[in-house]
$ cat upload.csv   # CSV, C-alpha atoms
chain,number,residue,atom,x,y,z
A,1,MET,CA,-1.7,-60.1,53.3
A,2,ILE,CA,-0.7,-56.7,52.0
A,3,ALA,CA,0.2,-53.6,54.2
A,4,LEU,CA,0.7,-50.0,53.3
A,5,GLY,CA,3.3,-48.3,55.4
A,6,LEU,CA,3.7,-44.5,56.0
A,7,GLU,CA,6.9,-43.1,57.5
A,8,GLY,CA,7.7,-39.4,58.3
A,9,SER,CA,9.5,-39.2,61.6
A,10,ALA,CA,12.2,-36.9,60.3
A,11,ASN,CA,13.2,-35.4,56.9
A,12,LYS,CA,12.5,-38.6,54.8
A,13,LEU,CA,8.9,-39.2,53.7
A,14,GLY,CA,8.6,-42.9,52.9
A,15,ILE,CA,5.7,-45.0,51.6
A,16,GLY,CA,6.1,-48.8,51.3
A,17,ILE,CA,3.8,-51.6,50.3
A,18,ILE,CA,4.7,-55.1,51.4
A,19,GLU,CA,3.1,-58.6,51.0
A,20,HIS,CA,3.4,-61.5,53.4
A,21,ASN,CA,2.6,-64.9,52.0
A,22,LEU,CA,1.1,-66.7,55.0
A,23,GLU,CA,1.6,-70.1,53.5
A,24,THR,CA,5.2,-70.0,52.4
A,25,GLY,CA,6.4,-67.2,54.8
A,26,GLN,CA,7.8,-65.4,51.8
A,27,VAL,CA,8.0,-61.5,52.1
A,28,ASN,CA,7.6,-59.5,48.9
A,29,ILE,CA,8.5,-55.8,48.7
A,30,LEU,CA,6.0,-54.4,46.2
A,31,ALA,CA,7.0,-50.7,46.5
A,32,ASN,CA,9.5,-48.6,48.5
A,33,ILE,CA,9.2,-44.9,47.5
A,34,ARG,CA,11.0,-42.1,49.3
A,35,HIS,CA,11.0,-38.3,49.1
A,36,THR,CA,13.6,-36.3,51.1
A,37,HIS,CA,13.4,-32.8,52.4
A,38,ILE,CA,16.8,-31.4,51.6
A,39,THR,CA,17.9,-28.0,53.0
A,40,PRO,CA,20.8,-25.8,51.9
A,41,PRO,CA,24.4,-26.6,53.0
A,42,GLY,CA,25.2,-25.4,56.6
A,43,THR,CA,21.6,-25.7,57.7
A,44,GLY,CA,19.5,-28.4,59.4
A,45,PHE,CA,15.8,-29.2,58.9
A,46,LEU,CA,13.2,-27.6,61.0
A,47,PRO,CA,10.1,-29.5,62.2
A,48,ARG,CA,7.6,-27.0,60.7
A,49,ASP,CA,9.3,-27.0,57.2
A,50,THR,CA,9.6,-30.8,57.3
A,51,ALA,CA,5.9,-31.2,58.1
A,52,THR,CA,5.1,-28.9,55.2
A,53,HIS,CA,7.3,-31.0,52.9
A,54,HIS,CA,5.5,-34.2,54.0
A,55,ARG,CA,2.1,-32.7,53.5
A,56,THR,CA,3.0,-31.4,50.1
A,57,HIS,CA,4.3,-34.7,48.7
A,58,ILE,CA,2.6,-37.5,50.6
A,59,ILE,CA,-0.5,-38.0,48.3
A,60,PRO,CA,1.6,-38.1,45.0
A,61,VAL,CA,4.1,-40.5,46.7
A,62,ILE,CA,1.2,-42.8,47.9
A,63,ARG,CA,-0.2,-42.8,44.4
A,64,GLU,CA,3.2,-43.6,43.0
A,65,ALA,CA,3.6,-46.5,45.5
A,66,LEU,CA,0.2,-48.0,44.6
A,67,LYS,CA,1.1,-47.7,40.9
A,68,THR,CA,4.5,-49.3,41.3
A,69,ALA,CA,3.1,-52.1,43.4
A,70,ASN,CA,0.2,-52.6,41.0
A,71,VAL,CA,-2.1,-52.8,44.0
A,72,LYS,CA,-5.7,-51.6,44.3
A,73,VAL,CA,-7.1,-50.1,47.5
A,74,LYS,CA,-9.4,-53.2,48.0
A,75,ASP,CA,-6.2,-55.4,48.1
A,76,ILE,CA,-4.7,-53.6,51.1
A,77,ASP,CA,-5.4,-55.3,54.4
A,78,VAL,CA,-4.0,-52.8,56.9
A,79,ILE,CA,-2.5,-49.3,57.0
A,80,CYS,CA,0.6,-48.9,59.2
A,81,TYR,CA,2.1,-45.6,60.3
A,82,THR,CA,5.0,-44.4,62.4
A,83,LYS,CA,3.6,-43.6,65.9
A,84,GLY,CA,7.0,-42.5,67.2
A,85,PRO,CA,9.7,-41.7,68.2
A,86,GLY,CA,10.5,-38.7,66.0
A,87,MET,CA,9.9,-35.0,65.3
A,88,GLY,CA,6.4,-34.0,66.4
A,89,ALA,CA,5.1,-32.0,63.4
A,90,PRO,CA,6.3,-34.4,60.7
A,91,LEU,CA,5.0,-37.4,62.6
A,92,VAL,CA,1.6,-35.8,63.0
A,93,SER,CA,1.4,-34.6,59.3
A,94,VAL,CA,1.8,-38.3,58.2
A,95,GLY,CA,-0.3,-39.7,61.1
A,96,VAL,CA,-3.3,-37.5,59.9
A,97,VAL,CA,-3.0,-39.0,56.4
A,98,ALA,CA,-2.8,-42.6,57.7
A,99,ARG,CA,-5.9,-42.0,59.9
A,100,THR,CA,-7.8,-40.4,57.1
A,101,LEU,CA,-7.1,-43.2,54.6
A,102,ALA,CA,-8.1,-45.8,57.2
A,103,LEU,CA,-11.4,-44.1,57.6
A,104,LEU,CA,-11.9,-43.4,53.9
A,105,TRP,CA,-11.0,-46.9,52.8
A,106,ASN,CA,-12.5,-48.6,55.9
A,107,LYS,CA,-9.2,-50.3,56.8
A,108,PRO,CA,-7.7,-51.2,60.2
A,109,ILE,CA,-4.7,-49.1,61.4
A,110,VAL,CA,-1.5,-50.1,63.2
A,111,GLY,CA,0.8,-47.6,64.9
A,112,VAL,CA,4.4,-48.7,64.7
A,113,ASN,CA,7.5,-48.0,66.9
A,114,HIS,CA,10.1,-46.6,64.4
A,115,CYS,CA,13.0,-48.3,66.2
A,116,ILE,CA,11.3,-51.8,65.9
A,117,GLY,CA,10.6,-51.1,62.3
A,118,HIS,CA,14.3,-50.7,61.6
A,119,ILE,CA,15.2,-53.9,63.5
A,120,GLU,CA,12.5,-56.1,62.0
A,121,MET,CA,13.3,-55.0,58.5
A,122,GLY,CA,17.0,-55.5,59.1
A,123,ARG,CA,16.3,-59.1,60.4
A,124,GLU,CA,14.1,-59.8,57.4
A,125,ILE,CA,16.5,-58.6,54.8
A,126,THR,CA,19.7,-60.0,56.2
A,127,GLY,CA,18.4,-63.3,57.7
A,128,ALA,CA,19.9,-62.4,61.1
A,129,ASP,CA,18.4,-64.7,63.7
A,130,ASN,CA,18.9,-63.3,67.2
A,131,PRO,CA,21.5,-60.5,66.9
A,132,VAL,CA,22.8,-57.8,69.1
A,133,VAL,CA,21.4,-54.7,67.3
A,134,LEU,CA,23.3,-51.5,66.9
A,135,TYR,CA,20.7,-48.9,66.0
A,136,VAL,CA,22.5,-45.7,64.8
A,137,SER,CA,20.7,-42.8,63.1
A,138,GLY,CA,20.3,-39.0,63.3
A,139,GLY,CA,18.0,-39.4,66.3
A,140,ASN,CA,19.0,-42.6,67.9
A,141,THR,CA,22.1,-44.5,69.1
A,142,GLN,CA,21.3,-47.7,71.0
A,143,VAL,CA,22.7,-51.1,71.6
A,144,ILE,CA,19.7,-53.5,71.7
A,145,ALA,CA,19.1,-57.2,72.2
A,146,TYR,CA,15.9,-59.3,72.5
A,147,SER,CA,15.2,-60.9,75.8
A,148,GLU,CA,11.9,-62.2,77.4
A,149,HIS,CA,9.6,-61.0,74.6
A,150,ARG,CA,11.0,-57.5,74.6
A,151,TYR,CA,13.7,-55.5,72.9
A,152,ARG,CA,16.0,-54.4,75.7
A,153,ILE,CA,18.3,-51.4,75.6
A,154,PHE,CA,21.7,-52.4,76.8
A,155,GLY,CA,23.4,-49.1,76.1
A,156,GLU,CA,22.7,-45.8,74.5
A,157,THR,CA,23.9,-42.3,74.0
A,158,LEU,CA,23.7,-40.0,77.0
A,159,ASP,CA,23.2,-36.9,74.9
A,160,ILE,CA,23.0,-36.6,71.1
A,161,ALA,CA,22.8,-39.4,68.6
A,162,VAL,CA,25.8,-40.3,66.5
A,163,GLY,CA,24.1,-39.2,63.3
A,164,ASN,CA,23.3,-35.9,64.8
A,165,CYS,CA,26.9,-35.5,65.8
A,166,LEU,CA,28.0,-36.2,62.2
A,167,ASP,CA,25.3,-34.0,60.7
A,168,ARG,CA,26.2,-31.1,62.9
A,169,PHE,CA,29.9,-31.4,62.1
A,170,ALA,CA,28.9,-31.4,58.4
A,171,ARG,CA,27.1,-28.1,59.1
A,172,ILE,CA,30.3,-26.7,60.7
A,173,LEU,CA,32.2,-27.6,57.5
A,174,ASN,CA,29.4,-26.3,55.3
A,175,LEU,CA,29.1,-29.7,53.5
A,176,PRO,CA,26.0,-30.3,51.3
A,177,ASN,CA,22.9,-32.1,52.7
A,178,ASP,CA,22.5,-33.9,49.4
A,179,PRO,CA,22.2,-36.9,49.4
A,180,SER,CA,22.9,-36.6,53.2
A,181,PRO,CA,25.5,-34.9,55.4
A,182,GLY,CA,26.7,-38.3,56.8
A,183,TYR,CA,27.3,-39.6,53.3
A,184,ASN,CA,29.4,-36.6,52.5
A,185,ILE,CA,31.4,-36.9,55.7
A,186,GLU,CA,32.1,-40.5,54.8
A,187,GLN,CA,33.5,-39.5,51.4
A,188,TYR,CA,35.7,-36.8,52.9
A,189,ALA,CA,37.0,-39.3,55.5
A,190,LYS,CA,38.2,-41.6,52.8
A,191,ARG,CA,40.7,-38.9,51.7
A,192,GLY,CA,41.9,-38.0,55.2
A,193,ASP,CA,45.3,-39.3,56.3
A,194,LYS,CA,46.2,-37.4,59.5
A,195,PHE,CA,44.5,-38.7,62.7
A,196,ILE,CA,43.7,-36.0,65.3
A,197,GLU,CA,43.1,-37.3,68.8
A,198,LEU,CA,39.7,-36.5,70.1
A,199,PRO,CA,38.0,-37.2,73.4
A,200,TYR,CA,36.8,-40.8,73.7
A,201,THR,CA,33.7,-41.0,75.9
A,202,VAL,CA,32.5,-44.5,76.8
A,203,LYS,CA,30.7,-44.8,80.2
A,204,GLY,CA,30.0,-48.5,80.9
A,205,MET,CA,27.6,-49.5,78.1
A,206,ASP,CA,26.7,-45.9,77.3
A,207,VAL,CA,28.4,-43.3,75.0
A,208,SER,CA,28.5,-39.5,74.9
A,209,PHE,CA,29.1,-37.5,71.7
A,210,SER,CA,28.4,-33.8,72.6
A,211,GLY,CA,31.8,-33.2,74.1
A,212,ILE,CA,33.6,-34.6,71.0
A,213,LEU,CA,31.5,-32.3,68.8
A,214,SER,CA,32.5,-29.2,70.9
A,215,PHE,CA,36.1,-30.3,70.9
A,216,ILE,CA,36.3,-30.9,67.1
A,217,GLU,CA,34.5,-27.6,66.4
A,218,THR,CA,37.3,-25.8,68.3
A,219,VAL,CA,40.0,-27.7,66.5
A,220,ALA,CA,38.3,-26.9,63.1
A,221,ASN,CA,38.2,-23.2,64.0
A,222,GLU,CA,41.8,-23.1,65.2
A,223,GLN,CA,43.6,-25.4,62.7
A,224,LEU,CA,41.7,-25.2,59.4
A,225,PRO,CA,42.5,-21.5,58.7
A,226,SER,CA,46.3,-22.1,59.4
A,227,GLY,CA,46.4,-25.3,57.2
A,228,GLN,CA,47.5,-27.5,60.2
A,229,CYS,CA,44.9,-30.0,59.1
A,230,THR,CA,42.3,-30.4,56.3
A,231,PRO,CA,38.5,-31.0,56.5
A,232,GLU,CA,39.2,-34.5,55.2
A,233,ASP,CA,41.5,-35.2,58.2
A,234,LEU,CA,38.8,-34.0,60.6
A,235,CYS,CA,36.1,-36.1,59.0
A,236,PHE,CA,38.5,-39.1,59.2
A,237,SER,CA,39.4,-38.5,62.8
A,238,LEU,CA,35.8,-38.0,63.9
A,239,GLN,CA,34.5,-41.2,62.1
A,240,GLU,CA,37.3,-43.4,63.6
A,241,THR,CA,36.7,-42.1,67.1
A,242,LEU,CA,32.9,-42.3,67.1
A,243,PHE,CA,32.8,-45.7,65.4
A,244,ALA,CA,35.4,-47.2,67.8
A,245,MET,CA,33.2,-46.2,70.7
A,246,LEU,CA,30.2,-47.9,69.1
A,247,VAL,CA,32.2,-51.1,68.3
A,248,GLU,CA,33.4,-51.3,71.9
A,249,THR,CA,29.9,-51.1,73.5
A,250,THR,CA,28.5,-53.5,70.9
A,251,GLU,CA,31.2,-56.0,71.7
A,252,ARG,CA,30.5,-55.8,75.4
A,253,ALA,CA,26.8,-56.5,74.7
A,254,MET,CA,27.8,-59.5,72.5
A,255,ALA,CA,29.9,-60.9,75.3
A,256,HIS,CA,27.1,-60.3,77.9
A,257,ILE,CA,24.4,-62.2,76.0
A,258,GLY,CA,26.7,-64.7,74.3
A,259,SER,CA,25.6,-63.7,70.7
A,260,LYS,CA,27.7,-64.2,67.6
A,261,GLU,CA,25.7,-61.9,65.4
A,262,VAL,CA,25.6,-58.1,65.0
A,263,LEU,CA,22.9,-56.3,63.0
A,264,ILE,CA,23.5,-52.7,62.2
A,265,VAL,CA,20.4,-50.7,61.4
A,266,GLY,CA,19.5,-47.0,61.0
A,267,GLY,CA,20.8,-44.4,58.6
A,268,VAL,CA,24.4,-44.4,59.9
A,269,GLY,CA,24.4,-48.2,59.3
A,270,CYS,CA,25.0,-47.4,55.6
A,271,ASN,CA,28.5,-46.2,56.4
A,272,LEU,CA,30.9,-48.7,55.0
A,273,ARG,CA,33.7,-47.8,57.4
A,274,LEU,CA,31.4,-48.6,60.4
A,275,GLN,CA,30.5,-51.9,58.8
A,276,GLU,CA,34.2,-52.7,58.2
A,277,MET,CA,35.2,-51.9,61.8
A,278,MET,CA,32.3,-53.9,63.2
A,279,ALA,CA,33.2,-56.8,60.9
A,280,GLN,CA,36.8,-56.9,62.2
A,281,MET,CA,35.6,-57.1,65.8
A,282,ALA,CA,33.0,-59.8,65.0
A,283,GLU,CA,35.6,-61.8,63.1
A,284,GLN,CA,37.9,-61.8,66.1
A,285,ARG,CA,35.0,-63.3,68.2
A,286,GLY,CA,34.1,-65.9,65.5
A,287,GLY,CA,30.9,-63.9,64.7
A,288,LYS,CA,29.3,-62.2,61.8
A,289,VAL,CA,28.0,-58.7,60.9
A,290,PHE,CA,24.7,-58.1,59.1
A,291,ALA,CA,23.9,-54.8,57.4
A,292,THR,CA,21.6,-53.5,54.7
A,293,ASP,CA,22.1,-50.9,52.0
A,294,GLU,CA,20.5,-47.4,51.8
A,295,ARG,CA,17.2,-48.8,50.5
A,296,PHE,CA,16.5,-50.2,54.0
A,297,CYS,CA,18.8,-48.6,56.5
A,298,ILE,CA,17.7,-45.0,55.7
A,299,ASP,CA,14.2,-44.3,57.0
A,300,ASN,CA,11.6,-45.8,54.7
A,301,GLY,CA,7.9,-46.8,54.5
A,302,ILE,CA,8.6,-50.5,53.9
A,303,MET,CA,10.0,-51.1,57.4
A,304,ILE,CA,6.8,-49.6,58.9
A,305,ALA,CA,4.6,-51.7,56.6
A,306,HIS,CA,6.6,-54.9,57.6
A,307,ALA,CA,6.6,-54.3,61.4
A,308,GLY,CA,3.0,-53.2,61.3
A,309,LEU,CA,1.9,-56.3,59.3
A,310,LEU,CA,3.8,-58.6,61.7
A,311,ALA,CA,1.9,-57.0,64.6
A,312,PHE,CA,-1.4,-57.1,62.7
A,313,ARG,CA,-1.0,-60.8,62.0
A,314,THR,CA,-1.0,-61.5,65.8
A,315,GLY,CA,-4.3,-59.7,66.0
A,316,PHE,CA,-3.0,-56.3,67.1
A,317,THR,CA,-4.6,-53.0,65.8
A,318,THR,CA,-4.6,-49.4,67.0
A,319,PRO,CA,-8.0,-48.0,67.8
A,320,ILE,CA,-8.6,-44.8,65.8
A,321,GLU,CA,-9.0,-42.7,69.0
A,322,LYS,CA,-5.5,-43.9,70.1
A,323,SER,CA,-3.8,-43.4,66.7
A,324,THR,CA,-1.8,-40.5,68.0
A,325,CYS,CA,1.9,-39.8,67.7
A,326,THR,CA,4.6,-39.6,70.4
A,327,GLN,CA,8.0,-37.9,70.0
A,328,ARG,CA,9.7,-40.1,72.6
$ encode --input "upload.csv" --output "structure tokens"
Amino acid sequence: MIALGLEGSANKLGIGIIEHNLETGQVNILANIRHTHITPPGTGFLPRDTATHHRTHIIPVIREALKTANVKVKDIDVICYTKGPGMGAPLVSVGVVARTLALLWNKPIVGVNHCIGHIEMGREITGADNPVVLYVSGGNTQVIAYSEHRYRIFGETLDIAVGNCLDRFARILNLPNDPSPGYNIEQYAKRGDKFIELPYTVKGMDVSFSGILSFIETVANEQLPSGQCTPEDLCFSLQETLFAMLVETTERAMAHIGSKEVLIVGGVGCNLRLQEMMAQMAEQRGGKVFATDERFCIDNGIMIAHAGLLAFRTGFTTPIEKSTCTQR
């Protein structure tokens, strides 16, 4: 079975084509094409502009994916798209294309939960069996585990996502958005050597990042001009503090459900320092960390195709009249 996946919940437009061999259980990635809406340093991306970017590029990217995969329209069994969560305008711009193709090509359609797309792709790529999942991205920060046929949220952010916190601090420092603000913070942090103590906000299984962002912005405004610290020191301090909070709540979830596996998914999951800190914790518990590289942890169409095809194989489809999008 072959699925076409369309992802556009934020600033990455992703088109993926995946093949499931039903006899052997083998999963083949036939195409994984991405086009990113990059804004100038010091700015974020607005829903309206992001939707325009997706509308402009989606047809050429689909054509490129079909060519890369060497797949004809008649070979595709199902069209999968991100139903949510995400930014409204970009989601809808991609959803309209998914719906139109389903009608044009006479194919069934499957709406996919973006979060489950990340988790299922992570499990497929790494071979993790039943892990505690740390899902960290620009829009989400959650500690998740599977229980009684559902993904259950054990802990989450009470305000902004960890990726949003990093992105907004990159904006304060005027760092480039290419390839991503989080990646540039990670490179700066490697050169930092002075640790500045920041608020550490863990509340049971939940975390809070907005106060840390306000605090470090004040420190940046007061100490950078006088040379008391460098941008590198601030990036280093912010990363160490945020990631320590995430490791603590993940460890608590591992203890609670008796798991020895941690799977890190989402865009921030690419960060090697986060992977390293999580690995140290897991090692102390006799466990193991699973993580993927930027091809799969950053938003992509292949995860939507994979999760959608898994659902489609059980007989699930989304009726056209219900093929809407939801931001939450």
$ atom_distance --input "upload.csv" --atom1 "CA of Leu175 (chain A)" --atom2 "CA of Gly42 (chain A)"
6.6 Å
$ residues_around --input "upload.csv" --residues "Lys194 (chain A)" --least-positions-apart "6" --cutoff "12 Å" --atoms "all atoms listed in the file" --output "ChimeraX atom specification"
/A:228-238,240
$ atom_distance --input "upload.csv" --atom1 "CA of Leu46 (chain A)" --atom2 "CA of Asn300 (chain A)"
19.3 Å
$ residues_around --input "upload.csv" --residues "region 126-138 of chain A" --least-positions-apart "5" --cutoff "6 Å" --atoms "only C-alpha atoms" --output "ChimeraX atom specification"
/A:143-145,161,163-164,261-268
$ closest_residue --input "upload.csv" --among "A:Ala305, A:Ile125, A:Leu213, A:Leu272" --to "Leu30 (chain A)" --atoms "all atoms listed in the file"
A:Ala305
$ residues_near_point --input "upload.csv" --point "(1.6, -57.4, 59.1)" --cutoff "10 Å" --atoms "all atoms listed in the file" --output "mmCIF file with C-alpha atoms, keeping the file's coordinate frame"
data_model
loop_
_atom_site.group_PDB
_atom_site.id
_atom_site.type_symbol
_atom_site.label_atom_id
_atom_site.label_comp_id
_atom_site.auth_asym_id
_atom_site.auth_seq_id
_atom_site.Cartn_x
_atom_site.Cartn_y
_atom_site.Cartn_z
ATOM 1 C CA MET A 1 -1.700 -60.100 53.300
ATOM 2 C CA ILE A 2 -0.700 -56.700 52.000
ATOM 3 C CA ALA A 3 0.200 -53.600 54.200
ATOM 4 C CA LEU A 4 0.700 -50.000 53.300
ATOM 5 C CA GLY A 5 3.300 -48.300 55.400
ATOM 6 C CA ILE A 18 4.700 -55.100 51.400
ATOM 7 C CA GLU A 19 3.100 -58.600 51.000
ATOM 8 C CA HIS A 20 3.400 -61.500 53.400
ATOM 9 C CA ASP A 77 -5.400 -55.300 54.400
ATOM 10 C CA VAL A 78 -4.000 -52.800 56.900
ATOM 11 C CA ILE A 79 -2.500 -49.300 57.000
ATOM 12 C CA CYS A 80 0.600 -48.900 59.200
ATOM 13 C CA VAL A 110 -1.500 -50.100 63.200
ATOM 14 C CA ILE A 304 6.800 -49.600 58.900
ATOM 15 C CA ALA A 305 4.600 -51.700 56.600
ATOM 16 C CA HIS A 306 6.600 -54.900 57.600
ATOM 17 C CA ALA A 307 6.600 -54.300 61.400
ATOM 18 C CA GLY A 308 3.000 -53.200 61.300
ATOM 19 C CA LEU A 309 1.900 -56.300 59.300
ATOM 20 C CA LEU A 310 3.800 -58.600 61.700
ATOM 21 C CA ALA A 311 1.900 -57.000 64.600
ATOM 22 C CA PHE A 312 -1.400 -57.100 62.700
ATOM 23 C CA ARG A 313 -1.000 -60.800 62.000
ATOM 24 C CA THR A 314 -1.000 -61.500 65.800
ATOM 25 C CA GLY A 315 -4.300 -59.700 66.000
ATOM 26 C CA PHE A 316 -3.000 -56.300 67.100
#
$ atom_distance --input "upload.csv" --atom1 "CA of Ala220 (chain A)" --atom2 "CA of Thr43 (chain A)"
17.6 Å
$ closest_residue --input "upload.csv" --among "A:Glu197, A:Glu124, A:Glu23, A:Asp49" --to "Phe296 (chain A)" --atoms "all atoms listed in the file"
A:Glu124
$ closest_residue --input "upload.csv" --among "A:Arg55, A:Lys12, A:Asp159, A:Arg152" --to "Ile257 (chain A)" --atoms "only C-alpha atoms"
A:Arg152
$ closest_residue --input "upload.csv" --among "A:Met245, A:Ile298, A:Leu13, A:Ile172" --to "Pro199 (chain A)" --atoms "only C-alpha atoms"
A:Met245
$ closest_residue --input "upload.csv" --among "A:Ile185, A:Ile29, A:Leu158, A:Ala98" --to "Arg171 (chain A)" --atoms "all atoms listed in the file"
A:Ile185
$ residues_around --input "upload.csv" --residues "Arg48 (chain A)" --least-positions-apart "4" --cutoff "9 Å" --atoms "only C-alpha atoms" --output "list of chain:residue names"
A:Thr52, A:His53, A:Ala89, A:Pro90
$ residues_near_point --input "upload.csv" --point "(24.7, -33.6, 68.8)" --cutoff "10 Å" --atoms "only C-alpha atoms" --output "JSON, numbers by chain"
{"A": [138, 139, 159, 160, 161, 162, 163, 164, 165, 166, 167, 168, 169, 208, 209, 210, 211, 212, 213, 214]}
$ write_last_selection --input "upload.csv" --atoms "C-alpha atoms" --output "PDB file, in the coordinates of the input"
ATOM      1  CA  GLY A 138      20.300 -39.000  63.300  1.00  0.00           C
ATOM      2  CA  GLY A 139      18.000 -39.400  66.300  1.00  0.00           C
ATOM      3  CA  ASP A 159      23.200 -36.900  74.900  1.00  0.00           C
ATOM      4  CA  ILE A 160      23.000 -36.600  71.100  1.00  0.00           C
ATOM      5  CA  ALA A 161      22.800 -39.400  68.600  1.00  0.00           C
ATOM      6  CA  VAL A 162      25.800 -40.300  66.500  1.00  0.00           C
ATOM      7  CA  GLY A 163      24.100 -39.200  63.300  1.00  0.00           C
ATOM      8  CA  ASN A 164      23.300 -35.900  64.800  1.00  0.00           C
ATOM      9  CA  CYS A 165      26.900 -35.500  65.800  1.00  0.00           C
ATOM     10  CA  LEU A 166      28.000 -36.200  62.200  1.00  0.00           C
ATOM     11  CA  ASP A 167      25.300 -34.000  60.700  1.00  0.00           C
ATOM     12  CA  ARG A 168      26.200 -31.100  62.900  1.00  0.00           C
ATOM     13  CA  PHE A 169      29.900 -31.400  62.100  1.00  0.00           C
ATOM     14  CA  SER A 208      28.500 -39.500  74.900  1.00  0.00           C
ATOM     15  CA  PHE A 209      29.100 -37.500  71.700  1.00  0.00           C
ATOM     16  CA  SER A 210      28.400 -33.800  72.600  1.00  0.00           C
ATOM     17  CA  GLY A 211      31.800 -33.200  74.100  1.00  0.00           C
ATOM     18  CA  ILE A 212      33.600 -34.600  71.000  1.00  0.00           C
ATOM     19  CA  LEU A 213      31.500 -32.300  68.800  1.00  0.00           C
ATOM     20  CA  SER A 214      32.500 -29.200  70.900  1.00  0.00           C
TER      21      SER A 214
END
$ closest_residue --input "upload.csv" --among "A:Ala170, A:Ala291, A:Leu198, A:Ile109" --to "Pro40 (chain A)" --atoms "only C-alpha atoms"
A:Ala170
